[in-house]
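Raw contents of data-v1.cif, mmCIF, C-alpha atoms:
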data_work
#
loop_
_atom_site.label_atom_id
_atom_site.label_comp_id
_atom_site.auth_asym_id
_atom_site.auth_seq_id
_atom_site.Cartn_x
_atom_site.Cartn_y
_atom_site.Cartn_z
CA MET A 1 -79.01 44.27 57.74
CA ASP A 2 -82.74 44.68 57.36
CA LYS A 3 -84.50 46.75 54.72
CA GLU A 4 -84.95 49.73 57.02
CA GLU A 5 -81.26 49.85 57.83
CA ILE A 6 -80.17 49.48 54.22
CA ILE A 7 -82.36 52.37 53.13
CA SER A 8 -81.97 54.74 56.07
CA GLN A 9 -78.24 54.21 56.61
CA GLY A 10 -77.37 55.27 53.07
CA TYR A 11 -76.40 51.87 51.66
CA LEU A 12 -78.31 52.45 48.41
CA GLU A 13 -76.28 55.60 47.80
CA SER A 14 -73.07 53.75 48.63
CA TYR A 15 -74.05 50.98 46.22
CA ILE A 16 -74.03 53.50 43.35
CA THR A 17 -70.46 54.58 44.04
CA GLY A 18 -69.46 50.99 44.78
CA ASP A 19 -68.30 51.97 48.27
CA LEU A 20 -69.48 48.70 49.90
CA ASN A 21 -67.78 45.43 50.83
CA ASN A 22 -68.84 42.17 49.16
CA GLU A 23 -71.26 41.17 51.93
CA GLU A 24 -72.97 44.57 51.95
CA THR A 25 -73.15 44.59 48.15
CA ARG A 26 -74.84 41.20 48.16
CA GLU A 27 -77.39 42.32 50.74
CA VAL A 28 -78.24 45.50 48.85
CA GLU A 29 -78.61 43.59 45.58
CA GLU A 30 -80.88 41.07 47.25
CA LEU A 31 -83.07 43.82 48.65
CA ILE A 32 -83.50 45.79 45.42
CA ALA A 33 -84.22 42.58 43.53
CA SER A 34 -86.95 41.51 45.95
CA ASP A 35 -88.49 44.68 47.37
CA LYS A 36 -90.47 47.05 45.19
CA GLU A 37 -90.20 49.99 47.58
CA ALA A 38 -86.43 49.65 47.91
CA MET A 39 -86.14 49.23 44.14
CA LEU A 40 -88.10 52.44 43.54
CA GLU A 41 -86.08 54.32 46.16
CA PHE A 42 -82.88 53.10 44.52
CA TYR A 43 -84.17 54.13 41.10
CA ASN A 44 -84.96 57.64 42.34
CA ILE A 45 -81.50 58.05 43.86
CA GLN A 46 -79.92 56.89 40.62
CA LYS A 47 -81.98 59.37 38.59
CA LEU A 48 -80.92 62.20 40.90
CA ILE A 49 -77.22 61.34 40.59
CA GLU A 50 -77.71 61.16 36.80
CA LEU A 51 -79.43 64.55 36.85
CA LEU A 52 -76.63 66.09 38.91
CA ALA A 53 -73.94 64.47 36.76
CA ILE A 54 -75.49 65.81 33.57
CA ARG A 55 -75.82 69.23 35.17
CA LEU A 56 -72.13 69.09 36.10
CA GLY A 57 -71.05 67.76 32.72
CA ILE A 58 -67.94 69.03 31.01
CA SER A 59 -67.13 68.73 27.30
CA ALA A 60 -64.04 66.78 26.38
CA SER A 61 -62.03 67.55 23.28
CA PRO A 62 -63.83 66.41 20.11
CA VAL A 63 -60.75 64.37 19.29
CA ILE A 64 -61.73 61.88 21.99
CA LYS A 65 -64.94 60.83 20.26
CA ARG A 66 -63.00 60.25 17.05
CA THR A 67 -60.38 58.11 18.78
CA ILE A 68 -63.17 56.06 20.36
CA MET A 69 -64.93 55.49 17.04
CA GLU A 70 -61.59 54.65 15.42
CA HIS A 71 -60.62 52.16 18.10
CA PRO A 72 -60.36 48.73 16.42
CA SER A 73 -62.93 47.24 18.75
CA VAL A 74 -65.47 49.81 17.49
CA SER A 75 -64.37 50.63 13.96
CA SER A 76 -64.49 46.98 12.88
CA HIS A 77 -68.26 47.20 13.32
CA ILE A 78 -68.85 50.47 11.48
CA LYS A 79 -70.90 49.62 8.41
CA PRO A 80 -69.55 51.12 5.19
CA ILE A 81 -72.17 53.25 3.53
CA ASP A 82 -73.15 51.29 0.44
CA LYS A 83 -73.49 53.73 -2.41
CA GLY A 84 -74.48 50.88 -4.73
CA SER A 85 -74.03 50.57 -8.49
CA SER A 86 -76.38 52.28 -10.91
CA GLY A 87 -77.63 48.82 -11.96
CA GLY A 88 -78.60 48.11 -8.39
CA TRP A 89 -80.34 51.45 -8.27
CA ARG A 90 -82.30 50.67 -11.42
CA MET A 91 -83.31 47.32 -9.99
CA ALA A 92 -84.49 49.02 -6.84
CA MET A 93 -86.44 51.53 -8.92
CA ALA A 94 -88.06 48.78 -10.99
CA ALA A 95 -88.88 46.86 -7.85
CA SER A 96 -90.51 49.87 -6.23
CA ILE A 97 -92.57 50.64 -9.36
CA LEU A 98 -93.73 47.03 -9.47
CA PHE A 99 -94.53 47.22 -5.81
CA ALA A 100 -96.50 50.44 -6.31
CA LEU A 101 -98.47 48.86 -9.20
CA PHE A 102 -99.12 45.74 -7.19
CA THR A 103 -100.38 47.70 -4.21
CA SER A 104 -102.59 49.87 -6.47
CA VAL A 105 -104.20 46.76 -7.94
CA LEU A 106 -104.67 45.38 -4.45
CA ALA A 107 -106.19 48.67 -3.33
CA ALA A 108 -108.66 48.68 -6.27
CA TYR A 109 -109.56 45.07 -5.59
CA PHE A 110 -110.17 45.66 -1.92
CA TYR A 111 -112.12 48.83 -2.70
CA SER A 112 -114.56 46.93 -4.96
CA GLN A 113 -114.81 44.16 -2.38
CA TRP A 114 -115.59 46.74 0.20
CA ARG A 115 -118.28 48.38 -1.95
CA THR A 116 -119.97 45.04 -2.59
CA THR A 117 -119.85 44.16 1.06
CA ASP A 118 -121.19 47.59 1.97
CA ASN A 119 -124.20 47.17 -0.39
CA GLU A 120 -124.88 43.69 0.91
CA LEU A 121 -124.75 45.00 4.43
CA THR A 122 -127.26 47.78 3.65
CA SER A 123 -129.79 45.37 2.15
CA LEU A 124 -129.29 42.94 5.03
CA ILE A 125 -130.00 45.74 7.49
CA ALA A 126 -133.20 46.62 5.58
CA GLN A 127 -134.32 42.97 5.57
CA ASN A 128 -133.56 42.74 9.22
CA LEU A 129 -135.75 45.79 9.96
CA GLN A 130 -138.63 44.26 7.99
CA LEU A 131 -138.31 41.02 9.87
CA ALA A 132 -138.28 42.87 13.16
CA GLU A 133 -141.46 44.74 12.20
CA SER A 134 -143.29 41.55 11.18
CA PHE A 135 -142.17 39.87 14.31
CA ASN A 136 -143.50 42.72 16.44
CA ARG A 137 -146.81 42.63 14.63
CA VAL A 138 -147.17 38.87 15.04
CA ASN A 139 -146.10 39.12 18.62
CA ASN A 140 -148.75 41.78 19.32
CA ASP A 141 -151.41 39.68 17.65
CA LEU A 142 -150.35 36.70 19.66
CA ASN A 143 -150.49 38.63 22.92
CA ASN A 144 -153.98 39.88 22.09
CA LEU A 145 -155.12 36.38 21.27
CA ARG A 146 -153.68 35.03 24.47
CA GLN A 147 -155.59 37.63 26.41
CA ASP A 148 -158.78 36.79 24.51
CA VAL A 149 -158.35 33.10 25.15
CA ALA A 150 -157.59 33.74 28.81
CA VAL A 151 -160.87 35.64 29.10
CA LEU A 152 -162.80 32.98 27.18
CA ILE A 153 -161.65 30.04 29.25
CA SER A 154 -161.66 31.74 32.63
CA PRO A 155 -164.43 30.58 35.01
CA GLU A 156 -164.40 34.06 36.52
CA TYR A 157 -165.90 35.54 33.36
CA GLN A 158 -169.58 35.55 32.75
CA ARG A 159 -170.67 35.39 29.12
CA ILE A 160 -173.63 37.62 28.28
CA ILE A 161 -175.08 37.47 24.80
CA MET A 162 -176.72 40.68 23.66
CA ASP A 163 -179.35 40.07 20.97
CA GLY A 164 -180.25 42.57 18.29
CA THR A 165 -183.23 44.85 18.87
CA GLU A 166 -185.66 45.69 16.11
CA ASN A 167 -183.16 48.40 15.05
CA ALA A 168 -180.72 45.64 14.15
CA PRO A 169 -182.42 42.25 14.32
CA ASP A 170 -179.54 40.24 12.80
CA VAL A 171 -176.87 41.58 15.07
CA LYS A 172 -175.38 39.93 18.13
CA ALA A 173 -172.73 41.12 20.54
CA VAL A 174 -171.13 39.33 23.44
CA ILE A 175 -169.99 40.67 26.82
CA TYR A 176 -167.44 38.89 28.99
CA TRP A 177 -167.72 40.25 32.47
CA ASN A 178 -165.69 39.54 35.58
CA SER A 179 -167.75 41.13 38.33
CA LYS A 180 -165.05 40.53 40.99
CA GLN A 181 -162.39 42.35 39.02
CA GLU A 182 -165.05 44.58 37.42
CA LYS A 183 -163.55 43.90 34.01
CA VAL A 184 -165.67 44.11 30.88
CA PHE A 185 -164.71 42.80 27.44
CA LEU A 186 -166.87 43.27 24.40
CA ASN A 187 -166.99 41.40 21.13
CA SER A 188 -169.00 43.51 18.73
CA SER A 189 -167.87 42.03 15.44
CA THR A 190 -171.32 41.98 13.82
CA LEU A 191 -172.21 45.61 14.53
CA ALA A 192 -172.33 47.73 11.38
CA SER A 193 -169.89 50.54 10.72
CA LEU A 194 -171.08 54.02 11.69
CA PRO A 195 -170.61 57.47 10.13
CA THR A 196 -167.49 59.17 11.55
CA ASP A 197 -169.54 61.54 13.73
CA GLN A 198 -171.16 58.65 15.58
CA GLN A 199 -169.97 55.96 17.96
CA TYR A 200 -171.47 53.00 19.74
CA GLN A 201 -171.81 53.30 23.51
CA LEU A 202 -172.13 50.43 25.95
CA TRP A 203 -174.34 50.78 29.00
CA ALA A 204 -174.69 48.71 32.10
CA LEU A 205 -178.16 48.76 33.58
CA VAL A 206 -178.28 48.68 37.37
CA ASP A 207 -181.75 48.74 38.90
CA GLY A 208 -183.03 50.25 35.66
CA GLN A 209 -180.41 53.03 35.73
CA PRO A 210 -177.96 53.19 32.76
CA ILE A 211 -174.28 53.51 33.62
CA ASP A 212 -171.78 54.49 30.92
CA ALA A 213 -169.42 51.58 30.12
CA GLY A 214 -167.47 53.33 27.36
CA VAL A 215 -167.73 54.19 23.68
CA PHE A 216 -166.36 52.06 20.83
CA ASP A 217 -166.22 51.81 17.09
CA ALA A 218 -167.41 48.81 15.12
CA SER A 219 -164.41 46.61 15.17
CA THR A 220 -163.79 43.20 13.72
CA GLY A 221 -162.41 40.19 15.44
CA THR A 222 -160.86 41.16 18.71
CA PHE A 223 -162.28 41.97 22.07
CA GLN A 224 -162.52 45.54 23.20
CA ILE A 225 -161.79 46.45 26.78
CA MET A 226 -164.56 48.54 28.23
CA LYS A 227 -164.90 50.60 31.43
CA ASN A 228 -164.95 48.70 34.71
CA ILE A 229 -168.40 47.72 35.89
CA ALA A 230 -169.03 46.27 39.35
CA LYS A 231 -172.73 45.67 39.20
CA ALA A 232 -175.14 45.15 36.31
CA ASP A 233 -178.50 43.58 35.61
CA ALA A 234 -178.17 43.96 31.87
CA PHE A 235 -175.94 45.43 29.14
CA ALA A 236 -177.05 47.41 26.09
CA VAL A 237 -175.50 49.26 23.18
CA THR A 238 -176.86 52.49 21.67
CA VAL A 239 -175.68 54.77 18.86
CA GLU A 240 -174.52 58.16 20.17
CA PRO A 241 -172.73 61.22 18.83
CA LYS A 242 -168.96 60.79 18.70
CA GLY A 243 -167.53 60.78 22.24
CA GLY A 244 -170.69 59.37 23.80
CA SER A 245 -173.65 60.78 25.74
CA GLU A 246 -174.42 61.12 29.44
CA SER A 247 -177.63 59.17 29.05
CA PRO A 248 -178.51 56.67 26.37
CA THR A 249 -180.58 57.55 23.33
CA LEU A 250 -182.89 54.58 23.78
CA SER A 251 -184.40 54.86 20.32
CA THR A 252 -181.05 53.86 18.81
CA MET A 253 -180.51 50.75 20.94
CA GLN A 254 -178.86 48.04 18.84
CA VAL A 255 -178.46 45.09 21.21
CA LEU A 256 -179.57 44.17 24.72
CA GLY A 257 -178.68 41.27 26.98
CA LYS A 258 -179.68 40.38 30.51
CA VAL A 259 -177.14 39.08 33.00
CA MET B 1 -90.40 54.66 32.98
CA GLN B 2 -89.60 55.88 29.54
CA THR B 3 -85.90 56.24 30.24
CA LEU B 4 -85.69 52.55 30.99
CA ASP B 5 -87.41 51.65 27.74
CA LEU B 6 -85.18 53.94 25.72
CA ASN B 7 -82.16 52.42 27.44
CA THR B 8 -83.42 48.91 26.74
CA VAL B 9 -83.38 49.70 23.03
CA LEU B 10 -80.01 51.39 23.34
CA ILE B 11 -78.48 48.42 25.14
CA LYS B 12 -79.90 46.02 22.58
CA ARG B 13 -78.37 48.04 19.77
CA ILE B 14 -74.99 48.23 21.46
CA LYS B 15 -75.07 44.49 22.08
CA SER B 16 -75.81 43.96 18.39
CA ARG B 17 -72.65 46.00 17.69
CA ASP B 18 -74.50 49.03 16.31
CA THR B 19 -71.91 51.79 16.40
CA THR B 20 -74.55 54.51 15.96
CA ALA B 21 -75.87 53.52 19.40
CA LEU B 22 -72.40 54.12 20.86
CA ASP B 23 -72.39 57.47 19.07
CA TYR B 24 -75.70 58.31 20.73
CA LEU B 25 -74.40 57.22 24.11
CA TYR B 26 -71.35 59.43 23.71
CA GLU B 27 -73.38 62.45 22.65
CA ASN B 28 -75.72 62.09 25.63
CA TYR B 29 -73.45 60.94 28.43
CA SER B 30 -69.82 61.77 27.67
CA GLU B 31 -70.06 65.21 29.30
CA ALA B 32 -71.59 63.83 32.48
CA LEU B 33 -68.93 61.11 32.69
CA PHE B 34 -66.10 63.44 31.74
CA GLY B 35 -67.16 65.85 34.49
CA ILE B 36 -66.69 63.07 37.04
CA ILE B 37 -63.40 61.88 35.55
CA LEU B 38 -61.89 65.35 35.24
CA ARG B 39 -62.89 66.35 38.77
CA THR B 40 -61.39 63.15 40.10
CA LEU B 41 -58.11 63.46 38.19
CA ARG B 42 -57.86 67.24 37.87
CA ASN B 43 -55.75 66.77 34.79
CA GLN B 44 -57.19 67.38 31.33
CA GLU B 45 -54.94 65.02 29.36
CA ALA B 46 -55.22 62.11 31.77
CA ALA B 47 -58.98 62.67 32.02
CA GLU B 48 -59.48 62.57 28.25
CA GLU B 49 -57.44 59.40 27.99
CA THR B 50 -59.55 57.89 30.75
CA LEU B 51 -62.78 58.95 29.04
CA HIS B 52 -61.62 57.14 25.92
CA ASP B 53 -60.91 53.98 27.94
CA VAL B 54 -64.27 54.24 29.67
CA PHE B 55 -66.23 54.28 26.40
CA ILE B 56 -64.22 51.40 24.98
CA LYS B 57 -64.98 49.50 28.19
CA ILE B 58 -68.69 50.29 27.89
CA TRP B 59 -68.62 49.03 24.29
CA ASP B 60 -66.60 45.91 25.05
CA GLN B 61 -68.32 44.93 28.29
CA ILE B 62 -71.97 45.80 27.62
CA ASP B 63 -72.84 42.11 28.17
CA LYS B 64 -71.82 42.53 31.79
CA TYR B 65 -74.47 45.19 32.34
CA ASP B 66 -77.30 43.78 34.45
CA PRO B 67 -80.43 46.00 34.41
CA SER B 68 -81.69 44.41 37.64
CA LYS B 69 -78.73 45.98 39.47
CA GLY B 70 -79.26 49.54 38.31
CA THR B 71 -79.78 51.89 35.40
CA LEU B 72 -77.46 52.06 32.43
CA PHE B 73 -76.20 55.41 33.67
CA THR B 74 -75.34 53.99 37.09
CA TRP B 75 -73.34 51.23 35.41
CA MET B 76 -71.47 53.72 33.21
CA TYR B 77 -71.01 56.04 36.19
CA ARG B 78 -69.32 53.25 38.16
CA ILE B 79 -67.04 52.40 35.24
CA ALA B 80 -66.02 56.06 34.88
CA ARG B 81 -65.50 56.53 38.60
CA ASN B 82 -63.49 53.33 39.02
CA GLN B 83 -61.44 53.95 35.90
CA ALA B 84 -60.60 57.46 37.10
CA ILE B 85 -59.63 56.18 40.56
CA ASP B 86 -57.49 53.44 38.93
CA THR B 87 -55.75 56.05 36.79
CA LEU B 88 -55.21 58.17 39.87
CA ARG B 89 -53.48 55.28 41.64
CA SER B 90 -51.44 54.16 38.63
CA LYS B 91 -47.69 54.65 38.49
CA ASN B 92 -47.89 56.74 35.34
CA PHE B 93 -50.17 59.21 37.03
CA LYS B 94 -47.98 59.73 40.07
CA ALA B 95 -46.11 62.32 38.01
CA PHE B 96 -49.20 64.52 37.91
CA GLU B 97 -49.89 64.04 41.64
CA LYS B 98 -53.22 64.98 42.94
CA SER B 99 -53.02 66.33 46.45
CA ASN B 100 -54.59 63.67 48.57
CA ASP B 101 -56.21 66.05 50.96
CA ILE B 102 -59.40 67.78 50.01
CA ASP B 103 -57.96 71.26 49.80
CA GLY B 104 -58.49 71.18 46.09
CA TYR B 105 -62.22 71.22 46.67
CA VAL B 106 -64.08 74.06 45.03
CA ASP B 107 -67.82 74.41 45.01
CA ILE B 108 -68.56 73.16 41.54
CA PHE B 109 -72.29 73.54 42.03
CA ASP B 110 -71.78 77.26 42.38
CA SER B 111 -69.70 77.69 39.25
CA SER B 112 -71.52 80.10 37.04
CA ASP B 113 -69.51 79.04 34.01
CA LEU B 114 -71.25 75.69 33.72
CA GLY B 115 -72.91 77.05 30.62
CA LYS B 116 -75.82 74.66 30.92
CA GLU B 117 -79.41 75.68 30.74
CA ASP B 118 -80.93 75.07 34.13
CA TYR B 119 -84.46 74.10 33.14
CA ILE B 120 -85.47 72.66 36.46
CA GLY B 121 -83.95 75.27 38.73
CA LEU B 122 -81.41 72.82 40.11
CA ALA B 123 -78.99 75.65 40.96
CA ASP B 124 -81.70 77.22 43.07
CA VAL B 125 -82.37 73.96 44.89
CA LEU B 126 -78.67 73.31 45.43
CA SER B 127 -78.22 76.74 46.93
CA LYS B 128 -80.70 75.76 49.64
CA ILE B 129 -79.19 72.49 50.85
CA GLY B 130 -76.30 73.94 52.83
CA GLU B 131 -72.51 74.00 52.42
CA MET B 132 -71.90 70.68 54.15
CA CYS B 133 -74.31 68.83 51.90
CA LYS B 134 -72.90 70.35 48.76
CA LYS B 135 -69.38 69.46 49.78
CA LEU B 136 -70.21 65.86 50.73
CA ILE B 137 -72.13 65.18 47.52
CA GLN B 138 -69.43 66.66 45.35
CA LEU B 139 -66.56 64.87 47.09
CA ASN B 140 -68.29 61.50 47.11
CA PHE B 141 -70.17 61.38 43.83
CA PHE B 142 -68.20 63.70 41.56
CA MET B 143 -64.62 63.77 42.80
CA GLY B 144 -64.01 60.10 43.49
CA TYR B 145 -63.54 60.29 47.25
CA SER B 146 -64.62 57.26 49.30
CA HIS B 147 -66.58 57.50 52.51
CA ALA B 148 -63.44 56.56 54.43
CA GLU B 149 -61.41 59.35 52.81
CA ILE B 150 -64.13 61.89 53.52
CA SER B 151 -64.52 60.63 57.08
CA LYS B 152 -60.79 61.05 57.70
CA ASN B 153 -60.44 64.44 56.07
CA GLU B 154 -63.62 65.95 57.45
CA ASP B 155 -63.09 64.39 60.88
CA MET B 156 -66.52 62.82 60.77
CA PRO B 157 -67.55 59.27 61.82
CA LEU B 158 -67.89 56.93 58.84
CA GLY B 159 -71.55 56.15 59.62
CA SER B 160 -72.35 59.84 59.76
CA VAL B 161 -70.85 60.40 56.31
CA LYS B 162 -73.20 57.77 54.89
CA THR B 163 -76.37 58.94 56.62
CA LYS B 164 -75.55 62.59 56.03
CA LEU B 165 -75.07 61.91 52.31
CA ARG B 166 -78.41 60.17 52.23
CA SER B 167 -80.25 62.98 53.96
CA CYS B 168 -78.58 65.55 51.66
CA LEU B 169 -79.71 63.73 48.51
CA LYS B 170 -83.14 63.22 49.99
CA ASN B 171 -83.33 66.94 50.71
CA ILE B 172 -82.63 67.75 47.05
CA ARG B 173 -85.32 65.32 45.95
CA THR B 174 -87.83 66.83 48.33
CA GLN B 175 -87.00 70.33 47.11
CA LEU B 176 -87.24 69.29 43.47
CA SER B 177 -90.57 67.51 43.89
CA LYS B 178 -91.87 70.52 45.81
CA ASP B 179 -90.95 72.79 42.92
CA PHE B 180 -92.68 70.49 40.48
CA GLY B 181 -95.76 70.09 42.66
#

As structure tokens - that is how I would like this structure written.
Amino acid sequence: MDKEEIISQGYLESYITGDLNNEETREVEELIASDKEAMLEFYNIQKLIELLAIRLGISASPVIKRTIMEHPSVSSHIKPIDKGSSGGWRMAMAASILFALFTSVLAAYFYSQWRTTDNELTSLIAQNLQLAESFNRVNNDLNNLRQDVAVLISPEYQRIIMDGTENAPDVKAVIYWNSKQEKVFLNSSTLASLPTDQQYQLWALVDGQPIDAGVFDASTGTFQIMKNIAKADAFAVTVEPKGGSESPTLSTMQVLGKV
Amino acid sequence: MQTLDLNTVLIKRIKSRDTTALDYLYENYSEALFGIILRTLRNQEAAEETLHDVFIKIWDQIDKYDPSKGTLFTWMYRIARNQAIDTLRSKNFKAFEKSNDIDGYVDIFDSSDLGKEDYIGLADVLSKIGEMCKKLIQLNFFMGYSHAEISKNEDMPLGSVKTKLRSCLKNIRTQLSKDFG
């Protein structure tokens, strides 16, 4: 018989009632052991017969259960209920009190351990945050420096030194200008600090005409990125009201450098 | 399948000779098994004696139960059915005499005195499967008749008895799963 025949011809149902010869029984057993679908089908049939049988159940006399439980084969395994002596009871009581004490001590111990660990964890988290902040700061600085160095060593950048005018004879500022990429960097570290209502403004001079290249504050150390400039004959810095002016106040010119 | 897991525990406990597990088994399955035994024997006293023997057999032979060959209930069902048929054929029982024809058949599914709560509307489903189906299922699964006996008495080819029984059970399953969505 193949699987299809066993299932469709009702052999699974017959297997439940045992209404099969040895050969058929063997074939059915082989199928349900090896085939998931047949196994599931068989399971479902079994559950239905169980459901029907329970639905059709009839109570037997209560005496029957007693005779079963009193049958020697069963009754020899019934455990006597051990009522125990009072001494045994006291021992059990003492043991449970000891156990309760022991577990309380353990609980207190673990609680204090937990508190300590919790505090340590909090301070470690704080330290970790500090480290992360320092790292970020150093990392930023490093990135800035890398950029500065890249500008300094690049052959694409032209270095223009702006000398101090008579307004500021000791001052120098340096422009790094990549005319192809139109990028302008400014190092203005020697310019003096200004009142808060004033800012420096950089100008590019093209054929004598000033073009705004951005405002900046006196800043130490690093390069400042200015507005893009494609063409320039010279660069100059003036002092302007905060936010900058449309045209330079020439009387305030601090530095000037020709390309 | 939760039932299987529960039964695994139950079987383990019975194997370890835990009599409370036998108690549980009796409380949950004795009525189902007794229904089959009583309908097969149609004699209260003989049926109760047989039920006793069946549970002792379950207790004594639990090691013979092989879960790969069917559920615990199927195993117990077979023991009850076979034990009842054996009793029926025994010399002692001849005195009671069960008529060997199927005239004694009554529609047990229709009995209103079952006194069981019908949570899943089984009665409703059973009322829809037709008289022939009800009769075949009852004779074969709950009254101890073999396919051959049914075939002879109902004047129906043996193969048809088998396939008809299958389609009847399948019909109930379809109806039940329809009702449960």

Do a neighbour search on Tyr11 (chain A) at 8 Å with only C-alpha atoms, toss out local chain neighbours closer than 3 positions, and write the hits as a PyMOL selection string. (chain A and resi 6-8+14-15+20+28) or (chain B and resi 162)

Need to verify the contact set: Asn140 (chain B), 10 Å, only C-alpha atoms, exclusion of same-chain residues closer than 6 positions in sequence. Can you return it as a PyMOL selection string? (chain A and resi 13-14+17+19) or (chain B and resi 40+146-147+149-150+161-162+165)

Taking 3 positions as the minimum chain separation for residues in the same chain, which residues sit within 8 Å of Lys258 (chain A) when counting all atoms listed in the file? Answer as a PyMOL selection string. chain A and resi 160-162+233-235

Expected answer as an MDAnalysis selection string: chain B residues within 6 Å of chain A, all atoms listed in the file: chainID B and resid 19 31:32 34:35 52 162:163 166

As an exercise, work out the distance from CA of Asp66 (chain B) to CA of Leu51 (chain B) in Å and give it to one decimal place.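 A separation of 21.7 Å between them.
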
Since I can't run it myself right now, could you work out what the PyMOL selection byres ((chain A and resi 144-157) around 8) selects here and report it as a ChimeraX atom specification? /A:140-143,158-159,176-180,222-223

Suppose you want the space between CA of Phe55 (chain B) and CA of Leu25 (chain B); what is it in Å?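 About the pair CA of Phe55 (chain B) and CA of Leu25 (chain B): they are 9.0 Å apart.
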
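CA of Val184 (chain A) sits 6.6 Å away from CA of Lys227 (chain A).
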
Would you write out, as number ranges by chain, every residue that the PyMOL selection byres ((chain A and resi 194) around 12) captures in this file? A: 191-193, 195-201, 216-219, 238-242

When you count only C-alpha atoms, which of these residues is closest to Ile37 (chain B): B:Val54, B:Leu169, B:Leu72, B:Val125? B:Val54

Selected residue of minimal separation from Lys128 (chain B) among B:Gln44, B:Ser151, B:Ser90, B:Gln175, counting all atoms listed in the file: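 Ranked by minimum distance to Lys128 (chain B), first place goes to B:Gln175.
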
Residue IDs satisfying the PyMOL selection byres ((chain A and resi 224) around 6), as a ChimeraX atom specification: /A:185-186,223,225

Can you work out which one of B:Val9, B:Leu126, B:Met132, B:Ala148 has the shortest atom-to-atom distance to Arg173 (chain B), counting only C-alpha atoms? B:Leu126
